[in-house]
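Colleague: Just query08.csv, nothing more (CSV, C-alpha atoms):
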```csv
chain,number,residue,atom,x,y,z
A,3,MET,CA,-5.8,-20.2,23.3
A,4,ARG,CA,-9.0,-19.8,25.4
A,5,GLY,CA,-11.4,-22.6,25.9
A,6,GLY,CA,-9.9,-24.6,23.1
A,7,ARG,CA,-10.5,-21.7,20.6
A,8,GLU,CA,-7.9,-19.4,19.0
A,9,MET,CA,-8.7,-16.0,20.4
A,10,VAL,CA,-6.7,-12.9,19.8
A,11,HIS,CA,-7.2,-9.9,22.2
A,12,ILE,CA,-6.6,-6.5,20.6
A,13,ALA,CA,-6.7,-2.9,21.7
A,14,ILE,CA,-7.2,-0.1,19.2
A,15,VAL,CA,-5.8,3.3,20.1
A,16,GLN,CA,-7.7,6.1,18.4
A,17,MET,CA,-5.7,9.3,18.8
A,18,CYS,CA,-4.6,12.4,16.9
A,19,ALA,CA,-0.9,13.3,16.5
A,20,SER,CA,-1.5,17.1,16.7
A,21,GLY,CA,1.4,17.9,19.0
A,22,SER,CA,5.1,17.8,18.7
A,23,LYS,CA,7.0,14.5,18.4
A,24,ASP,CA,7.8,14.6,22.1
A,25,GLU,CA,4.1,15.3,23.0
A,26,ASN,CA,2.9,12.6,20.7
A,27,LEU,CA,5.4,10.1,22.0
A,28,ALA,CA,4.3,10.9,25.6
A,29,LEU,CA,0.7,10.2,24.5
A,30,ILE,CA,1.6,6.9,22.9
A,31,GLN,CA,3.4,5.8,26.1
A,32,GLN,CA,0.4,6.8,28.2
A,33,MET,CA,-2.0,5.0,25.8
A,34,VAL,CA,0.1,1.8,25.9
A,35,LYS,CA,0.0,1.8,29.7
A,36,LYS,CA,-3.7,2.5,29.8
A,37,ALA,CA,-4.4,-0.2,27.2
A,38,VAL,CA,-2.6,-2.9,29.2
A,39,GLU,CA,-4.2,-1.9,32.5
A,40,GLY,CA,-7.7,-1.8,30.9
A,41,THR,CA,-8.0,-5.5,30.3
A,42,LYS,CA,-6.9,-8.8,31.8
A,43,LYS,CA,-5.5,-10.2,28.5
A,44,LEU,CA,-4.0,-8.4,25.6
A,45,ASP,CA,-2.1,-9.7,22.6
A,46,LEU,CA,-1.8,-6.6,20.4
A,47,ILE,CA,-2.0,-2.8,20.6
A,48,CYS,CA,-2.7,-1.0,17.3
A,49,PHE,CA,-1.9,2.7,16.6
A,50,PRO,CA,-2.9,4.8,13.6
A,51,GLU,CA,-0.8,6.1,10.7
A,52,TYR,CA,1.7,8.9,11.5
A,53,CYS,CA,0.9,8.6,15.2
A,54,TYR,CA,4.3,10.0,16.0
A,55,ALA,CA,4.0,13.1,13.8
A,56,VAL,CA,1.9,14.0,10.7
A,57,PRO,CA,4.2,15.5,8.1
A,58,THR,CA,3.7,18.0,5.4
A,59,ALA,CA,5.8,18.1,2.2
A,60,GLU,CA,7.8,20.9,3.8
A,61,SER,CA,8.3,19.3,7.2
A,62,SER,CA,8.8,15.6,6.2
A,63,LEU,CA,12.6,15.7,6.1
A,64,LYS,CA,12.8,17.5,9.4
A,65,LEU,CA,10.5,14.9,11.1
A,66,ALA,CA,12.3,11.9,9.5
A,67,GLU,CA,14.2,9.4,11.7
A,68,GLY,CA,16.1,6.2,11.0
A,69,ILE,CA,15.9,2.7,12.2
A,70,PRO,CA,17.0,2.6,15.0
A,71,GLY,CA,15.9,6.0,16.2
A,72,THR,CA,14.1,7.7,19.0
A,73,TYR,CA,10.7,6.4,17.9
A,74,THR,CA,11.7,2.8,17.2
A,75,GLU,CA,13.7,2.5,20.4
A,76,SER,CA,10.8,3.9,22.5
A,77,LEU,CA,8.3,1.5,21.0
A,78,ALA,CA,10.7,-1.4,21.4
A,79,LYS,CA,11.1,-0.5,25.1
A,80,LEU,CA,7.3,-0.3,25.5
A,81,SER,CA,6.5,-3.6,23.9
A,82,LYS,CA,9.2,-5.3,26.0
A,83,GLU,CA,8.2,-3.7,29.2
A,84,TYR,CA,4.6,-4.6,28.9
A,85,ARG,CA,5.1,-7.9,27.1
A,86,VAL,CA,2.7,-7.0,24.4
A,87,ASN,CA,2.8,-6.9,20.6
A,88,ILE,CA,2.6,-3.4,19.1
A,89,SER,CA,1.6,-2.3,15.6
A,90,ALA,CA,3.2,1.1,15.8
A,91,GLY,CA,1.0,2.9,13.2
A,92,SER,CA,3.5,4.5,10.9
A,93,PHE,CA,6.3,7.1,11.1
A,94,VAL,CA,8.4,9.3,8.8
A,95,GLU,CA,11.4,7.2,8.0
A,96,LYS,CA,14.6,8.6,6.3
A,97,ALA,CA,14.9,7.5,2.7
A,98,GLU,CA,17.5,8.1,0.0
A,99,GLY,CA,17.7,11.6,-1.5
A,100,LYS,CA,15.3,14.3,-0.3
A,101,LYS,CA,12.3,12.0,0.3
A,102,VAL,CA,11.1,9.9,3.1
A,103,HIS,CA,9.1,6.6,3.6
A,104,ASN,CA,5.8,6.2,5.3
A,105,THR,CA,6.8,3.2,7.4
A,106,SER,CA,4.8,0.8,9.6
A,107,LEU,CA,6.6,-1.4,12.1
A,108,PHE,CA,5.5,-4.3,14.2
A,109,PHE,CA,7.2,-5.0,17.5
A,110,ASN,CA,6.9,-8.4,19.3
A,111,ARG,CA,6.7,-8.9,23.0
A,112,GLU,CA,10.5,-9.0,23.3
A,113,GLY,CA,10.8,-5.5,21.7
A,114,LYS,CA,12.0,-6.8,18.4
A,115,ILE,CA,10.9,-5.6,15.0
A,116,ILE,CA,9.3,-8.6,13.2
A,117,GLY,CA,7.3,-6.8,10.6
A,118,GLU,CA,8.3,-3.8,8.4
A,119,TYR,CA,6.2,-2.2,5.7
A,120,ARG,CA,6.7,0.9,3.6
A,121,LYS,CA,3.5,2.3,2.1
A,122,MET,CA,3.5,1.4,-1.6
A,123,HIS,CA,0.5,3.3,-2.9
A,124,LEU,CA,0.9,7.0,-2.6
A,125,MET,CA,-2.1,9.3,-2.6
A,126,ASP,CA,-1.6,11.6,-5.6
A,127,ALA,CA,-5.3,12.5,-5.8
A,128,MET,CA,-8.0,14.9,-4.6
A,129,SER,CA,-5.7,17.9,-4.5
A,130,TYR,CA,-3.0,16.0,-2.6
A,131,LYS,CA,0.3,14.7,-3.9
A,132,GLU,CA,2.0,12.4,-1.4
A,133,SER,CA,4.8,11.6,-3.8
A,134,ASP,CA,6.2,15.1,-3.6
A,135,SER,CA,7.8,14.1,-0.3
A,136,VAL,CA,7.3,10.3,0.1
A,137,SER,CA,9.1,7.5,-1.7
A,138,PRO,CA,7.0,4.3,-2.2
A,139,GLY,CA,7.8,0.9,-0.8
A,140,ASN,CA,8.1,-2.0,-3.1
A,141,SER,CA,7.4,-5.1,-0.9
A,142,VAL,CA,4.2,-6.8,0.3
A,143,THR,CA,4.5,-7.5,4.0
A,144,VAL,CA,3.2,-10.7,5.7
A,145,PHE,CA,4.9,-12.1,8.8
A,146,ASP,CA,4.4,-14.6,11.6
A,147,THR,CA,3.5,-13.5,15.2
A,148,ASP,CA,2.8,-15.4,18.3
A,149,PHE,CA,-0.9,-15.4,17.6
A,150,ALA,CA,-1.4,-15.4,13.8
A,151,LYS,CA,0.1,-14.6,10.4
A,152,VAL,CA,-0.3,-10.8,9.8
A,153,GLY,CA,-0.3,-8.5,6.8
A,154,VAL,CA,0.0,-4.7,6.9
A,155,MET,CA,-1.0,-1.9,4.6
A,156,VAL,CA,-1.5,1.8,5.2
A,157,CYS,CA,-4.6,4.0,4.6
A,158,TYR,CA,-4.8,4.7,0.8
A,159,ASP,CA,-3.7,1.1,0.2
A,160,LEU,CA,-7.2,0.1,1.1
A,161,ARG,CA,-8.3,1.3,-2.4
A,162,PHE,CA,-6.1,-1.4,-4.1
A,163,PRO,CA,-7.8,-4.8,-3.6
A,164,GLU,CA,-4.8,-6.6,-5.3
A,165,LEU,CA,-2.7,-5.9,-2.2
A,166,THR,CA,-5.0,-7.5,0.3
A,167,ARG,CA,-5.6,-10.5,-2.0
A,168,THR,CA,-1.9,-11.0,-2.4
A,169,MET,CA,-1.4,-10.8,1.4
A,170,VAL,CA,-4.2,-13.4,2.0
A,171,LEU,CA,-2.8,-15.7,-0.6
A,172,LYS,CA,0.5,-15.5,1.3
A,173,GLY,CA,-1.3,-16.7,4.4
A,174,ALA,CA,-2.4,-13.5,6.2
A,175,GLU,CA,-5.2,-14.2,8.7
A,176,ILE,CA,-5.3,-10.6,10.0
A,177,ILE,CA,-4.8,-7.4,8.1
A,178,LEU,CA,-3.7,-4.3,10.0
A,179,VAL,CA,-4.6,-0.9,8.4
A,180,PRO,CA,-3.1,2.1,10.3
A,181,SER,CA,-4.6,5.2,8.8
A,182,ALA,CA,-4.9,9.0,8.9
A,183,PHE,CA,-8.1,9.0,6.9
A,184,PRO,CA,-9.7,12.5,6.8
A,185,SER,CA,-13.3,13.5,6.3
A,186,GLY,CA,-12.2,15.2,3.0
A,187,GLN,CA,-13.5,18.7,3.8
A,188,PRO,CA,-13.8,20.9,1.8
A,189,LEU,CA,-13.7,18.0,-0.6
A,190,PRO,CA,-16.7,15.6,-0.9
A,191,PRO,CA,-16.9,13.7,2.4
A,192,ARG,CA,-15.0,10.3,2.4
A,193,THR,CA,-16.4,8.8,5.7
A,194,ASP,CA,-18.6,6.4,3.8
A,195,HIS,CA,-15.6,5.3,1.7
A,196,TRP,CA,-13.8,4.3,4.8
A,197,ASP,CA,-16.6,2.2,6.1
A,198,VAL,CA,-17.2,0.5,2.8
A,199,LEU,CA,-13.5,-0.1,2.1
A,200,VAL,CA,-12.8,-1.6,5.5
A,201,ARG,CA,-15.8,-4.0,5.5
A,202,SER,CA,-15.5,-5.0,1.8
A,203,THR,CA,-11.8,-5.8,2.3
A,204,ALA,CA,-12.7,-8.2,5.1
A,205,LEU,CA,-15.6,-9.8,3.3
A,206,LEU,CA,-14.1,-10.2,-0.1
A,207,ASN,CA,-11.0,-11.8,1.3
A,208,LEU,CA,-12.6,-13.7,4.2
A,209,VAL,CA,-10.1,-12.1,6.6
A,210,TYR,CA,-10.1,-10.1,9.8
A,211,VAL,CA,-9.3,-6.4,9.3
A,212,VAL,CA,-8.1,-4.1,12.1
A,213,ALA,CA,-8.4,-0.5,10.8
A,214,THR,CA,-7.0,2.1,13.2
A,215,ASN,CA,-7.7,5.7,12.2
A,216,GLN,CA,-6.7,9.0,13.7
A,217,PHE,CA,-9.4,11.2,15.3
A,218,GLY,CA,-9.1,14.9,15.7
A,219,HIS,CA,-8.1,18.1,13.9
A,220,ASP,CA,-4.6,18.8,12.6
A,221,GLN,CA,-3.1,21.0,9.9
A,222,GLY,CA,-6.5,21.7,8.4
A,223,GLN,CA,-7.6,18.0,8.3
A,224,ASN,CA,-10.4,16.5,10.2
A,225,TYR,CA,-9.8,12.9,11.1
A,226,PHE,CA,-13.1,11.2,11.9
A,227,GLY,CA,-11.9,8.0,13.6
A,228,ARG,CA,-14.4,5.1,13.2
A,229,SER,CA,-11.5,2.7,14.0
A,230,SER,CA,-12.9,-0.8,13.9
A,231,ILE,CA,-12.4,-4.6,13.7
A,232,VAL,CA,-14.3,-6.4,11.0
A,233,ASP,CA,-14.7,-10.1,10.8
A,234,PRO,CA,-14.5,-12.4,7.7
A,235,TRP,CA,-18.2,-12.2,7.2
A,236,GLY,CA,-18.0,-8.4,6.8
A,237,THR,CA,-19.5,-7.7,10.2
A,238,ARG,CA,-18.1,-4.9,12.4
A,239,ILE,CA,-17.4,-6.5,15.8
A,240,VAL,CA,-16.1,-3.3,17.5
A,241,GLN,CA,-15.9,0.4,16.5
A,242,ALA,CA,-14.5,3.4,18.2
A,243,SER,CA,-16.8,6.4,18.8
A,244,GLY,CA,-16.0,10.0,17.8
A,245,ARG,CA,-13.3,10.8,20.3
A,246,GLN,CA,-9.8,9.9,21.4
A,247,GLU,CA,-10.2,6.5,23.1
A,248,ILE,CA,-9.1,2.9,23.4
A,249,VAL,CA,-11.5,0.1,22.3
A,250,TYR,CA,-11.0,-3.6,22.8
A,251,GLY,CA,-12.0,-6.5,20.5
A,252,VAL,CA,-11.5,-10.2,20.3
A,253,ILE,CA,-10.7,-12.0,17.1
A,254,ASP,CA,-11.8,-15.7,16.8
A,255,LEU,CA,-9.5,-17.5,14.3
A,256,ASP,CA,-11.6,-20.6,14.6
A,257,TYR,CA,-14.6,-18.6,13.3
A,258,GLN,CA,-12.5,-17.5,10.4
A,259,LYS,CA,-11.7,-21.1,9.5
A,260,SER,CA,-15.4,-22.0,9.6
A,261,VAL,CA,-16.4,-19.1,7.3
A,262,ARG,CA,-13.7,-20.1,4.8
A,263,THR,CA,-15.1,-23.6,4.9
A,264,SER,CA,-18.8,-22.7,4.5
A,265,LEU,CA,-18.1,-20.0,1.8
A,266,PRO,CA,-15.1,-21.5,-0.1
A,267,THR,CA,-14.5,-18.7,-2.6
A,268,TRP,CA,-10.8,-19.5,-2.7
A,269,LYS,CA,-11.7,-22.9,-4.3
A,270,HIS,CA,-14.1,-21.3,-6.8
A,271,ARG,CA,-11.7,-18.8,-8.3
A,272,ARG,CA,-11.2,-19.0,-12.1
A,273,THR,CA,-7.6,-17.8,-12.1
A,274,GLU,CA,-7.1,-19.0,-15.7
A,275,LEU,CA,-9.7,-16.4,-16.9
A,276,TYR,CA,-8.3,-13.4,-15.0
A,277,SER,CA,-6.3,-10.9,-16.8
A,278,LEU,CA,-4.3,-9.7,-13.8
```
Could you write out this structure as structure tokens?

Modeller:
Amino acid sequence: MRGGREMVHIAIVQMCASGSKDENLALIQQMVKKAVEGTKKLDLICFPEYCYAVPTAESSLKLAEGIPGTYTESLAKLSKEYRVNISAGSFVEKAEGKKVHNTSLFFNREGKIIGEYRKMHLMDAMSYKESDSVSPGNSVTVFDTDFAKVGVMVCYDLRFPELTRTMVLKGAEIILVPSAFPSGQPLPPRTDHWDVLVRSTALLNLVYVVATNQFGHDQGQNYFGRSSIVDPWGTRIVQASGRQEIVYGVIDLDYQKSVRTSLPTWKHRRTELYSL
């Protein structure tokens, strides 16, 4: 609480996992320290999808780790050491058989995992087939933190509005979207898709969206960043530039309540007419 208002202080870490797992982990550790030292108050640090290592169909099994594992133990230690919540992007988790999960974890200030999400919508589109190596998750993830009720989805999930709507109906006040969203070259550019999807997700659901994207070049992909926080009115309140960096933003949950009161779309829904 600050001045009687419910304020949530967030750091977005925009980075590219182009090195080895050890190199990427060292960068993550450096960024956590830098994020904490860069502000007087911090509730949450957000990392992008596959910040520990970006897999290919051929490398996924080799990169996979379990829970607990090197990655999870390292993030638990960081969150406990700095007394900060960490949305740990996502990592390659061991699954049954010869596939893996694309798993996003949330660590509280005590270093405990309080949120666990496995990407449910796999990108079998635009000359890419994620399901060749990844097994989808089957659970919607919404959980309580010490600052708000939070929902998590990953990258391609943005294209499925039913998921966000379900999370908000379950009480989510903030939606976290760790991503490795590329420009699409040599495919048609997808940068505009990213901006529209993030802002419309916030506006249509009257919810804060924290979208953390990778930035940089890796394995033939160009990740363009544009990590941002968007408020329930669809207004972008902070956005990263075209580089590796940390940006800070403040979420005002009282403002969200006022938006939901003045624009009560939840009360106006005609669920008896919907075919979903």

Colleague: Between range 153-199 of chain A and range 35-59 of chain A, at 8 Å or less, what are the per-residue closest atom pairs and their distances in Å? Count only C-alpha atoms, order by chain and rising residue number, and return it as a Markdown table.

Modeller:
```
| residue | atom | partner | partner_atom | distance |
| --- | --- | --- | --- | --- |
| A:Val156 | CA | A:Glu51 | CA | 7.0 |
| A:Cys157 | CA | A:Glu51 | CA | 7.5 |
| A:Val179 | CA | A:Pro50 | CA | 7.9 |
| A:Pro180 | CA | A:Pro50 | CA | 4.3 |
| A:Ser181 | CA | A:Glu51 | CA | 4.3 |
| A:Ala182 | CA | A:Glu51 | CA | 5.3 |
```

Colleague: Can I get the selected residues back with C-alpha atoms, as a PDB file, keeping the file's coordinate frame?

Modeller:
```pdb
ATOM      1  CA  VAL A 156      -1.500   1.800   5.200  1.00  0.00           C
ATOM      2  CA  CYS A 157      -4.600   4.000   4.600  1.00  0.00           C
ATOM      3  CA  VAL A 179      -4.600  -0.900   8.400  1.00  0.00           C
ATOM      4  CA  PRO A 180      -3.100   2.100  10.300  1.00  0.00           C
ATOM      5  CA  SER A 181      -4.600   5.200   8.800  1.00  0.00           C
ATOM      6  CA  ALA A 182      -4.900   9.000   8.900  1.00  0.00           C
TER       7      ALA A 182
END
```

Colleague: Excluding range 28-30 of chain A and residues on its chain fewer than 4 positions from it, collect all residues at most 10 Å away from it, counting all atoms listed in the file, and give them as a ChimeraX atom specification.

Modeller: /A:15,17-19,21-24,34-36,49,53-54,76-77,80,90

Colleague: Quick one: of A:Glu132, A:Asp146, A:Glu274, A:Glu164, who's nearest to Gly117 in chain A, counting only C-alpha atoms?

Modeller: A:Asp146

Colleague: Quick one: of A:Lys121, A:Arg245, A:Lys131, A:Lys172, who's nearest to Tyr158 in chain A, counting all atoms listed in the file?

Modeller: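 Of A:Lys121, A:Arg245, A:Lys131, A:Lys172, the one nearest Tyr158 in chain A is A:Lys121, counting all atoms listed in the file.
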
Colleague: Using all atoms listed in the file, can you tell me which of A:Lys259, A:Gln16, A:Lys151, A:Leu65 comes closest to Gln241 in chain A?

Modeller: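 Checking each candidate against Gln241 in chain A, we get A:Gln16 as the closest.
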
Colleague: Residues within 7 Å of Ser106 in chain A, please, as a ChimeraX atom specification. Count only C-alpha atoms; anything in the same chain fewer than 4 positions from it doesn't count.

Modeller: /A:90-93,118-120

Colleague: For each of A:Met128, A:Val144, A:Ala174, A:Val152, take the minimum atom-to-atom distance to Arg192 in chain A, counting all atoms listed in the file, then give the residue where this is smallest.

Modeller: A:Met128

Colleague: Enter the distance from CA of Asp126 in chain A to CA of Asp159 in chain A, in Å, rounded to one decimal.

Modeller: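 Those two atoms sit 12.2 Å apart.
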
Colleague: Which residue gives the smallest distance to Gly173 in chain A among A:Ala150, A:Ile239, A:Met122, A:Val102, with all atoms listed in the file counted?

Modeller: A:Ala150

Colleague: So how many Å separate CA of Gly236 in chain A and CA of Val249 in chain A, to one decimal?

Modeller: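 Going from CA of Gly236 in chain A over to CA of Val249 in chain A, I get 18.8 Å.
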
Colleague: Using all atoms listed in the file, which residues sit within 7 Å of Leu255 in chain A once same-chain residues fewer than 2 positions away are excluded, as a PDB file with C-alpha atoms, in the coordinates of the input?

Modeller:
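What ended up in out_6.pdb:
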```pdb
ATOM      1  CA  GLU A   8      -7.900 -19.400  19.000  1.00  0.00           C
ATOM      2  CA  MET A   9      -8.700 -16.000  20.400  1.00  0.00           C
ATOM      3  CA  ILE A 253     -10.700 -12.000  17.100  1.00  0.00           C
ATOM      4  CA  TYR A 257     -14.600 -18.600  13.300  1.00  0.00           C
ATOM      5  CA  GLN A 258     -12.500 -17.500  10.400  1.00  0.00           C
ATOM      6  CA  LYS A 259     -11.700 -21.100   9.500  1.00  0.00           C
TER       7      LYS A 259
END
```

Colleague: For Gln221 in chain A, which residue among A:Pro184, A:Leu27, A:Asp194, A:Ser243 is the nearest when counting all atoms listed in the file?

Modeller: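 Under the stated criterion, the closest residue is A:Pro184.
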
Colleague: Kindly give the distance, in Å, that separates CA of Tyr276 in chain A and CA of Asn207 in chain A, rounded to a single decimal.

Modeller: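 Result for CA of Tyr276 in chain A versus CA of Asn207 in chain A: 16.6 Å, one decimal.
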
Colleague: Please identify all polymer residues lying at most 6 Å from the point (8.5, -0.8, 15.0) (file coordinates), using only C-alpha atoms, and present the result as a ChimeraX atom specification.

Modeller: /A:74,90,107-109,115
